[in-house]
Amino acid sequence: MFLLLPFDSLVVNLLGISITVLFTLLLVFIIVPAIFGVSFGIRKVYMKTLLKIFQWATLRIERGAKEKNHPLYKPYVNGIIAKEPMSLEEEIKEIRRSGSGKALDTPEFELSDIFYFCRKGIETIMDDEVTKRFSAEELESWNLLSRTNYNFHYISLRLTVLWGLGMLIRYCFLLPLRIALAFTGISLLVTGTTVVGYLPNGRCKEFLSKHVHLMCYRICVRALTAIITYHDRENRPRNGGICVANHTSPIDVIILASDGYYAMVGQVHGGLMGVIQRAMVKACPHVWFERSEVKDRHLVAKRLTEHVQDKSKLPILIFPEGTCINNTSVMMFKKGSFEIGATVYPVAIKYDPQFGDAFWNSSKYGMVTYLLRMMTSWAIVCSVWYLPPMTRQPEEDAVQFANRVKSAIARQGGLVDLLWDGGLKREKVKDTFKEEQQKLYSKMIVGNHEDRSRS
């Protein structure tokens with residue numbers, strides 16, 4: 001048996017006191033307020049302080065760059081090619097006029113038509129509006145995160161010390177604190193939902209399940225130092241409906257579930273995620289699919305239809321884009337969620353990238369790396385808008401309804417509304433897109449020829 005020296009004993013005592021104080025602070029200022037859904041306003045003061053520091057650091061960088069004649073990089077956020085919305089026929093007509101002065105219907109084909117397709121191809125390469133939606137949004141100012149500043153030069157000792165101090169705070173204080181909170185939230189979620197799952201069905205079980213879910217998600221939100229502003233909460237999704245939102249990150253689920261009670265939809269997983277799913281489904285009717293079932297579109301639609309037809313069941317939370325987009329735009333919504341005939345509750349989520357980039361580039365980072373980046377950011381700041389419920393009109397098909405909902409979300413969140421499929425993140429462009437342009441051109445040529453034949 002080893003005897004501790006007086007110095008070693010003092011260190012052990014100080015360490016024990018420090019851990020006790022840390023957990024007491026966690027319990028009093030974070031966990032208990034999260035349980036009751038209240039806030040002391042500490043995170044907002046923290047956010048305002050960071051903004052002042054960022055402003056000072058940015059001004060200091062700009063001044064230092066001028067003094068040392070360093071080129072100051074500024075991201076061009078408005079695009080590099082000015083485009084006017086014109087149809088294929090109008091653009092080719094303009095090219096023919098400027099080239100030969102002949103009317104559009106004079107020849108069946110002109111060599112100058114090739115320039116239209118060449119120009120479109122070069123524009124697409126130079127200003128690709130699809131692939132740039134799958135990379136991190138660039139910032140105009142430095143937020144003291146080294147990974148968001150691509151042209152850093154030594155400016156001053158004070159600025160370097162400030163960056164080093166910020167790194168120590170993020171990795172040595174915030175990261176351990178956030179890991180402890182995440183572990184607490186996940187442990188309580190698994191334990192709480194498992195216990196509630198053994199209770200008989202009824203109002204008591206539903207009440208306890210709701211509050212266990214809300215409590216645990218709120219603790220997990222605080223593990224990311226998330227500062228969320230919810231707007232128009234009277235439009236929050238109700239039972240028997242479908243909540244659809246734009247998708248930026250896996251934490252979208254936590255952001256929404258910390259303010260509402262939802263039935264989740266997803267594929268059955270193994271490992272830790274599987275343990276969480278099995279515990280959650282005992283307390284709440286979530287909709288989990290086996291890997292073989294996910295590909296069966298009719299089976300998925302049937303399960304979802306059965307869920308929404310029961311008006312006592314929770315609203316389903318779905319992200320129709322099917323993949324994460326960098327929060328600058330909204331891409332094509334899959335039509336499956338809009339074929340069911342249920343009331344749709346649109347939600348727009350907009351993150352502020354100044355404090356940390358919430359976008360998950362799954363083709364570049366694994367889940368562990370992504371979570372590490374999230375937990376070593378300053379904070380996750382976002383706004384959530386609950387839009388009025390929408391229903392499918394008699395003259396609309398599922399695609400038109402999906403596009404109408406998508407447009408409403410994009411308009412409210414200040415995002416670009418795109419028609420492209422988010423699946424292009426990992427797949428090649430379908431031949432149908434190319435064939436569509438070919439059909440438009442051939443129709444223009446053949447149509448003109450037929451008109452001349454009749455005359």
# chains A, B, ... in the order shown; residues from 1 in each chain; ligands from 1
call {"tool": "closest_atom_pairs", "arguments": {"of": "region 217-328 of chain A", "to": "region 182-197 of chain A", "cutoff": "12 Å", "atoms": "only C-alpha atoms", "output": "tab-separated table"}}
result
residue	atom	partner	partner_atom	distance
A:Tyr217	CA	A:Gly185	CA	6.9
A:Arg218	CA	A:Gly185	CA	8.1
A:Ile219	CA	A:Gly185	CA	5.4
A:Cys220	CA	A:Ala182	CA	5.3
A:Val221	CA	A:Ala182	CA	8.5
A:Arg222	CA	A:Ala182	CA	8.3
A:Ala223	CA	A:Ala182	CA	5.4
A:Leu224	CA	A:Ala182	CA	8.4
A:Thr225	CA	A:Ala182	CA	11.0
A:Ile254	CA	A:Gly185	CA	11.3
A:Ser258	CA	A:Gly185	CA	11.8
A:Leu272	CA	A:Ile186	CA	9.9
A:Met273	CA	A:Ile186	CA	10.2
A:Gly274	CA	A:Val190	CA	10.7
A:Val275	CA	A:Val190	CA	7.6
A:Ile276	CA	A:Val190	CA	5.8
A:Gln277	CA	A:Val190	CA	8.7
A:Arg278	CA	A:Thr194	CA	8.5
A:Ala279	CA	A:Thr194	CA	5.1
A:Met280	CA	A:Thr193	CA	5.5
A:Val281	CA	A:Gly197	CA	8.0
A:Lys282	CA	A:Gly197	CA	4.5
A:Ala283	CA	A:Gly197	CA	4.3
A:Cys284	CA	A:Gly197	CA	8.0
A:Pro285	CA	A:Gly197	CA	10.6
call {"tool": "write_last_selection", "arguments": {"atoms": "N, CA, C and O atoms", "output": "short mmCIF file (atom, residue, chain, number, x, y, z; two decimals), in the first residue's frame"}}
result
data_model
loop_
_atom_site.label_atom_id
_atom_site.label_comp_id
_atom_site.auth_asym_id
_atom_site.auth_seq_id
_atom_site.Cartn_x
_atom_site.Cartn_y
_atom_site.Cartn_z
N TYR A 217 -32.90 16.60 -24.73
CA TYR A 217 -32.50 17.36 -25.92
C TYR A 217 -32.02 18.76 -25.52
O TYR A 217 -31.10 19.31 -26.15
N ARG A 218 -32.62 19.35 -24.51
CA ARG A 218 -32.18 20.67 -24.06
C ARG A 218 -30.80 20.61 -23.44
O ARG A 218 -29.99 21.54 -23.59
N ILE A 219 -30.50 19.53 -22.75
CA ILE A 219 -29.14 19.36 -22.21
C ILE A 219 -28.15 19.20 -23.35
O ILE A 219 -27.06 19.79 -23.33
N CYS A 220 -28.52 18.43 -24.38
CA CYS A 220 -27.64 18.25 -25.53
C CYS A 220 -27.43 19.56 -26.30
O CYS A 220 -26.34 19.80 -26.83
N VAL A 221 -28.46 20.40 -26.36
CA VAL A 221 -28.33 21.71 -26.99
C VAL A 221 -27.31 22.55 -26.25
O VAL A 221 -26.48 23.25 -26.85
N ARG A 222 -27.34 22.49 -24.94
CA ARG A 222 -26.37 23.24 -24.14
C ARG A 222 -24.97 22.65 -24.26
O ARG A 222 -23.98 23.35 -24.02
N ALA A 223 -24.89 21.39 -24.65
CA ALA A 223 -23.57 20.79 -24.88
C ALA A 223 -22.90 21.39 -26.11
O ALA A 223 -21.69 21.26 -26.28
N LEU A 224 -23.68 22.05 -26.96
CA LEU A 224 -23.13 22.72 -28.14
C LEU A 224 -23.09 24.23 -27.96
O LEU A 224 -22.74 24.96 -28.88
N THR A 225 -23.46 24.69 -26.76
CA THR A 225 -23.61 26.12 -26.48
C THR A 225 -24.46 26.74 -27.59
O THR A 225 -24.11 27.75 -28.21
N ILE A 254 -31.81 17.94 -32.97
CA ILE A 254 -31.74 18.42 -31.59
C ILE A 254 -32.29 19.83 -31.48
O ILE A 254 -32.99 20.17 -30.53
N SER A 258 -35.69 20.19 -29.15
CA SER A 258 -35.57 20.86 -27.85
C SER A 258 -36.70 21.86 -27.62
O SER A 258 -36.83 22.43 -26.54
N LEU A 272 -23.89 2.53 -30.57
CA LEU A 272 -24.50 3.46 -29.62
C LEU A 272 -25.81 4.02 -30.16
O LEU A 272 -26.79 4.14 -29.43
N MET A 273 -25.84 4.36 -31.45
CA MET A 273 -27.07 4.89 -32.05
C MET A 273 -28.19 3.88 -31.97
O MET A 273 -29.35 4.23 -31.72
N GLY A 274 -27.87 2.61 -32.15
CA GLY A 274 -28.89 1.56 -32.04
C GLY A 274 -29.45 1.45 -30.63
O GLY A 274 -30.65 1.24 -30.45
N VAL A 275 -28.59 1.58 -29.64
CA VAL A 275 -29.03 1.54 -28.24
C VAL A 275 -30.01 2.69 -27.96
O VAL A 275 -31.05 2.51 -27.33
N ILE A 276 -29.67 3.88 -28.46
CA ILE A 276 -30.52 5.05 -28.26
C ILE A 276 -31.86 4.86 -28.96
O ILE A 276 -32.92 5.16 -28.39
N GLN A 277 -31.83 4.35 -30.20
CA GLN A 277 -33.08 4.14 -30.94
C GLN A 277 -33.99 3.14 -30.24
O GLN A 277 -35.20 3.37 -30.13
N ARG A 278 -33.43 2.04 -29.77
CA ARG A 278 -34.25 1.02 -29.11
C ARG A 278 -34.85 1.54 -27.81
O ARG A 278 -35.98 1.19 -27.46
N ALA A 279 -34.12 2.39 -27.11
CA ALA A 279 -34.65 2.97 -25.87
C ALA A 279 -35.75 3.98 -26.17
O ALA A 279 -36.80 4.00 -25.50
N MET A 280 -35.54 4.81 -27.20
CA MET A 280 -36.51 5.85 -27.53
C MET A 280 -37.84 5.27 -28.01
O MET A 280 -38.91 5.78 -27.66
N VAL A 281 -37.79 4.21 -28.82
CA VAL A 281 -39.01 3.67 -29.39
C VAL A 281 -39.88 2.99 -28.33
O VAL A 281 -41.09 2.79 -28.54
N LYS A 282 -39.31 2.65 -27.18
CA LYS A 282 -40.11 2.07 -26.10
C LYS A 282 -41.03 3.11 -25.47
O LYS A 282 -42.11 2.77 -25.00
N ALA A 283 -40.58 4.37 -25.47
CA ALA A 283 -41.36 5.42 -24.82
C ALA A 283 -42.20 6.23 -25.78
O ALA A 283 -43.13 6.92 -25.37
N CYS A 284 -41.88 6.17 -27.06
CA CYS A 284 -42.54 7.03 -28.05
C CYS A 284 -42.64 6.29 -29.38
O CYS A 284 -41.70 5.57 -29.75
N PRO A 285 -43.72 6.45 -30.13
CA PRO A 285 -43.88 5.72 -31.41
C PRO A 285 -43.06 6.30 -32.54
O PRO A 285 -43.59 6.88 -33.50
#
call {"tool": "residues_around", "arguments": {"residues": "region 393-408 of chain A", "least_positions_apart": "4", "cutoff": "8 Å", "atoms": "only C-alpha atoms", "output": "compact mmCIF listing (two decimals) with all heavy atoms, in the first residue's frame"}}
result
# COMPACT_ATOMS: atom_id res chain seq x y z
N VAL A 330 -31.73 25.94 -50.44
CA VAL A 330 -32.60 24.77 -50.25
C VAL A 330 -32.67 24.06 -51.58
O VAL A 330 -32.98 24.66 -52.61
CB VAL A 330 -34.01 25.17 -49.78
CG1 VAL A 330 -34.83 23.93 -49.49
CG2 VAL A 330 -33.95 26.05 -48.55
N MET A 332 -33.76 20.37 -53.97
CA MET A 332 -34.99 19.66 -54.29
C MET A 332 -35.50 18.80 -53.13
O MET A 332 -34.74 18.07 -52.51
CB MET A 332 -34.76 18.76 -55.52
CG MET A 332 -36.03 18.12 -56.05
SD MET A 332 -35.70 17.02 -57.46
CE MET A 332 -35.07 15.58 -56.62
N PHE A 333 -36.80 18.90 -52.86
CA PHE A 333 -37.45 18.07 -51.86
C PHE A 333 -37.93 16.78 -52.52
O PHE A 333 -38.57 16.82 -53.59
CB PHE A 333 -38.65 18.79 -51.25
CG PHE A 333 -38.30 19.78 -50.17
CD1 PHE A 333 -36.98 20.06 -49.87
CD2 PHE A 333 -39.29 20.43 -49.46
CE1 PHE A 333 -36.64 20.96 -48.87
CE2 PHE A 333 -38.98 21.33 -48.45
CZ PHE A 333 -37.65 21.61 -48.17
N LYS A 334 -37.64 15.65 -51.89
CA LYS A 334 -38.17 14.37 -52.37
C LYS A 334 -39.70 14.37 -52.19
O LYS A 334 -40.21 14.81 -51.16
CB LYS A 334 -37.55 13.21 -51.60
CG LYS A 334 -36.01 13.16 -51.64
CD LYS A 334 -35.52 12.82 -53.03
CE LYS A 334 -34.03 12.51 -53.03
NZ LYS A 334 -33.18 13.65 -52.66
N LYS A 335 -40.41 13.87 -53.17
CA LYS A 335 -41.87 14.01 -53.17
C LYS A 335 -42.59 13.03 -52.25
O LYS A 335 -43.79 13.22 -51.98
CB LYS A 335 -42.40 13.84 -54.60
CG LYS A 335 -42.20 12.43 -55.16
CD LYS A 335 -42.81 12.31 -56.55
CE LYS A 335 -42.65 10.89 -57.11
NZ LYS A 335 -43.29 10.75 -58.44
N GLY A 336 -41.90 12.01 -51.73
CA GLY A 336 -42.57 10.98 -50.94
C GLY A 336 -43.35 11.51 -49.76
O GLY A 336 -44.47 11.06 -49.48
N PHE A 338 -44.83 14.24 -49.46
CA PHE A 338 -45.93 15.10 -49.87
C PHE A 338 -47.03 14.34 -50.62
O PHE A 338 -47.99 14.93 -51.07
CB PHE A 338 -45.38 16.23 -50.76
CG PHE A 338 -44.31 17.05 -50.08
CD1 PHE A 338 -42.97 16.68 -50.16
CD2 PHE A 338 -44.65 18.15 -49.33
CE1 PHE A 338 -41.99 17.42 -49.52
CE2 PHE A 338 -43.68 18.91 -48.69
CZ PHE A 338 -42.35 18.54 -48.78
N GLU A 339 -46.85 13.02 -50.77
CA GLU A 339 -47.86 12.18 -51.41
C GLU A 339 -48.86 11.62 -50.42
O GLU A 339 -49.90 11.07 -50.80
CB GLU A 339 -47.19 11.03 -52.16
CG GLU A 339 -46.35 11.45 -53.35
CD GLU A 339 -45.62 10.30 -54.00
OE1 GLU A 339 -45.15 9.39 -53.27
OE2 GLU A 339 -45.52 10.29 -55.24
N PRO A 346 -44.18 23.53 -42.41
CA PRO A 346 -42.81 23.89 -42.83
C PRO A 346 -42.05 24.61 -41.71
O PRO A 346 -42.62 25.40 -40.96
CB PRO A 346 -43.04 24.82 -44.02
CG PRO A 346 -44.51 24.70 -44.36
CD PRO A 346 -45.19 24.33 -43.10
N GLN A 412 -38.47 32.42 -46.33
CA GLN A 412 -38.44 32.82 -44.92
C GLN A 412 -37.03 32.78 -44.34
O GLN A 412 -36.64 33.66 -43.56
CB GLN A 412 -39.35 31.90 -44.10
CG GLN A 412 -39.42 32.22 -42.62
CD GLN A 412 -39.99 33.60 -42.34
OE1 GLN A 412 -41.19 33.80 -42.48
NE2 GLN A 412 -39.15 34.54 -41.97
N ASP A 417 -33.38 29.29 -53.52
CA ASP A 417 -34.28 28.20 -53.88
C ASP A 417 -33.76 27.54 -55.17
O ASP A 417 -33.81 28.14 -56.24
CB ASP A 417 -35.69 28.75 -54.09
CG ASP A 417 -36.71 27.65 -54.33
OD1 ASP A 417 -36.34 26.47 -54.27
OD2 ASP A 417 -37.88 27.98 -54.60
call {"tool": "closest_residue", "arguments": {"among": "A:Leu299, A:Val347, A:Ile61, A:Ala342", "to": "Thr160 (chain A)", "atoms": "only C-alpha atoms"}}
result
A:Ile61
call {"tool": "closest_residue", "arguments": {"among": "A:Leu144, A:Tyr261, A:Ala358, A:His298", "to": "His286 (chain A)", "atoms": "only C-alpha atoms"}}
result
A:Tyr261
call {"tool": "select_by_dssp", "arguments": {"residues": "region 208-440 of chain A", "states": "alpha helix (DSSP H)", "output": "JSON, numbers by chain"}}
result
{"A": [208, 209, 210, 211, 212, 213, 214, 215, 216, 217, 218, 219, 220, 221, 222, 252, 253, 254, 255, 256, 257, 271, 272, 273, 274, 275, 276, 277, 278, 279, 280, 281, 282, 283, 291, 292, 293, 294, 297, 298, 299, 300, 301, 302, 303, 304, 305, 306, 307, 308, 309, 367, 368, 369, 370, 371, 372, 373, 374, 375, 398, 399, 400, 401, 402, 403, 404, 405, 406, 407, 408, 409, 410, 411, 412, 413, 431, 432, 433, 434, 435, 436, 437, 438, 439, 440]}
call {"tool": "select_by_dssp", "arguments": {"residues": "region 219-338 of chain A", "states": "strand (DSSP E or B)", "output": "list in words"}}
result
Ala226, Ile227, Ile228, Thr229, Tyr230, His231, Ile242, Cys243, Val244, Ala245, Ala263, Met264, Val265, Gly266, Gln267, Val287, Trp288, Phe289, Ile316, Leu317, Ile318, Ser329 and Val330 of chain A
call {"tool": "write_last_selection", "arguments": {"atoms": "N, CA, C and O atoms", "output": "CSV table (one decimal), in the first residue's frame"}}
result
chain,number,residue,atom,x,y,z
A,226,ALA,N,-25.6,26.1,-27.8
A,226,ALA,CA,-26.5,26.5,-28.9
A,226,ALA,C,-27.4,27.7,-28.4
A,226,ALA,O,-28.0,27.6,-27.3
A,227,ILE,N,-27.4,28.8,-29.2
A,227,ILE,CA,-28.2,29.9,-28.9
A,227,ILE,C,-29.3,30.0,-30.0
A,227,ILE,O,-29.0,30.3,-31.1
A,228,ILE,N,-30.5,29.6,-29.7
A,228,ILE,CA,-31.5,29.4,-30.7
A,228,ILE,C,-32.6,30.4,-30.4
A,228,ILE,O,-33.1,30.6,-29.3
A,229,THR,N,-33.1,31.1,-31.5
A,229,THR,CA,-34.2,32.0,-31.5
A,229,THR,C,-35.4,31.4,-32.3
A,229,THR,O,-35.2,31.2,-33.5
A,230,TYR,N,-36.5,31.1,-31.6
A,230,TYR,CA,-37.6,30.5,-32.2
A,230,TYR,C,-38.7,31.6,-32.5
A,230,TYR,O,-39.0,32.5,-31.7
A,231,HIS,N,-39.2,31.6,-33.7
A,231,HIS,CA,-40.1,32.6,-34.2
A,231,HIS,C,-41.5,32.0,-34.5
A,231,HIS,O,-41.5,30.8,-35.0
A,242,ILE,N,-47.0,16.4,-40.6
A,242,ILE,CA,-45.6,16.2,-40.9
A,242,ILE,C,-44.9,17.5,-40.8
A,242,ILE,O,-45.3,18.5,-41.4
A,243,CYS,N,-43.8,17.5,-40.1
A,243,CYS,CA,-42.9,18.7,-40.0
A,243,CYS,C,-41.8,18.5,-41.0
A,243,CYS,O,-41.0,17.5,-40.9
A,244,VAL,N,-41.6,19.4,-41.9
A,244,VAL,CA,-40.5,19.4,-42.9
A,244,VAL,C,-39.6,20.6,-42.8
A,244,VAL,O,-40.1,21.7,-42.5
A,245,ALA,N,-38.3,20.4,-42.9
A,245,ALA,CA,-37.4,21.5,-42.7
A,245,ALA,C,-36.2,21.3,-43.6
A,245,ALA,O,-35.9,20.2,-44.1
A,263,ALA,N,-42.1,12.6,-33.6
A,263,ALA,CA,-41.8,11.2,-33.9
A,263,ALA,C,-40.7,11.2,-35.0
A,263,ALA,O,-40.9,11.9,-36.0
A,264,MET,N,-39.6,10.6,-34.7
A,264,MET,CA,-38.5,10.5,-35.6
A,264,MET,C,-38.7,9.4,-36.7
A,264,MET,O,-39.3,8.4,-36.4
A,265,VAL,N,-38.1,9.7,-37.8
A,265,VAL,CA,-38.1,8.7,-38.9
A,265,VAL,C,-36.7,8.4,-39.3
A,265,VAL,O,-35.9,9.4,-39.5
A,266,GLY,N,-36.3,7.2,-39.5
A,266,GLY,CA,-34.9,6.9,-39.9
A,266,GLY,C,-34.6,5.4,-40.0
A,266,GLY,O,-35.5,4.6,-39.7
A,267,GLN,N,-33.4,5.1,-40.4
A,267,GLN,CA,-33.0,3.7,-40.5
A,267,GLN,C,-32.4,3.2,-39.2
A,267,GLN,O,-31.8,3.9,-38.5
A,287,VAL,N,-40.6,6.0,-35.9
A,287,VAL,CA,-40.8,5.1,-37.1
A,287,VAL,C,-39.4,4.8,-37.6
A,287,VAL,O,-38.7,5.6,-38.2
A,288,TRP,N,-38.9,3.6,-37.2
A,288,TRP,CA,-37.5,3.1,-37.6
A,288,TRP,C,-37.7,2.1,-38.7
A,288,TRP,O,-38.6,1.2,-38.6
A,289,PHE,N,-36.9,2.1,-39.7
A,289,PHE,CA,-36.9,1.2,-40.8
A,289,PHE,C,-35.6,0.3,-40.8
A,289,PHE,O,-34.5,0.8,-40.6
A,316,ILE,N,-44.6,13.8,-37.5
A,316,ILE,CA,-43.3,13.2,-37.9
A,316,ILE,C,-42.4,14.3,-38.4
A,316,ILE,O,-42.7,15.3,-39.0
A,317,LEU,N,-41.1,14.2,-38.0
A,317,LEU,CA,-40.1,15.1,-38.4
A,317,LEU,C,-39.3,14.5,-39.6
A,317,LEU,O,-38.7,13.5,-39.5
A,318,ILE,N,-39.3,15.2,-40.7
A,318,ILE,CA,-38.6,14.8,-41.9
A,318,ILE,C,-37.8,15.9,-42.6
A,318,ILE,O,-38.2,17.1,-42.6
A,329,SER,N,-28.7,27.6,-49.2
A,329,SER,CA,-29.8,27.3,-50.2
A,329,SER,C,-30.6,26.1,-49.7
A,329,SER,O,-30.3,25.4,-48.8
A,330,VAL,N,-31.7,25.9,-50.4
A,330,VAL,CA,-32.6,24.8,-50.2
A,330,VAL,C,-32.7,24.1,-51.6
A,330,VAL,O,-33.0,24.7,-52.6
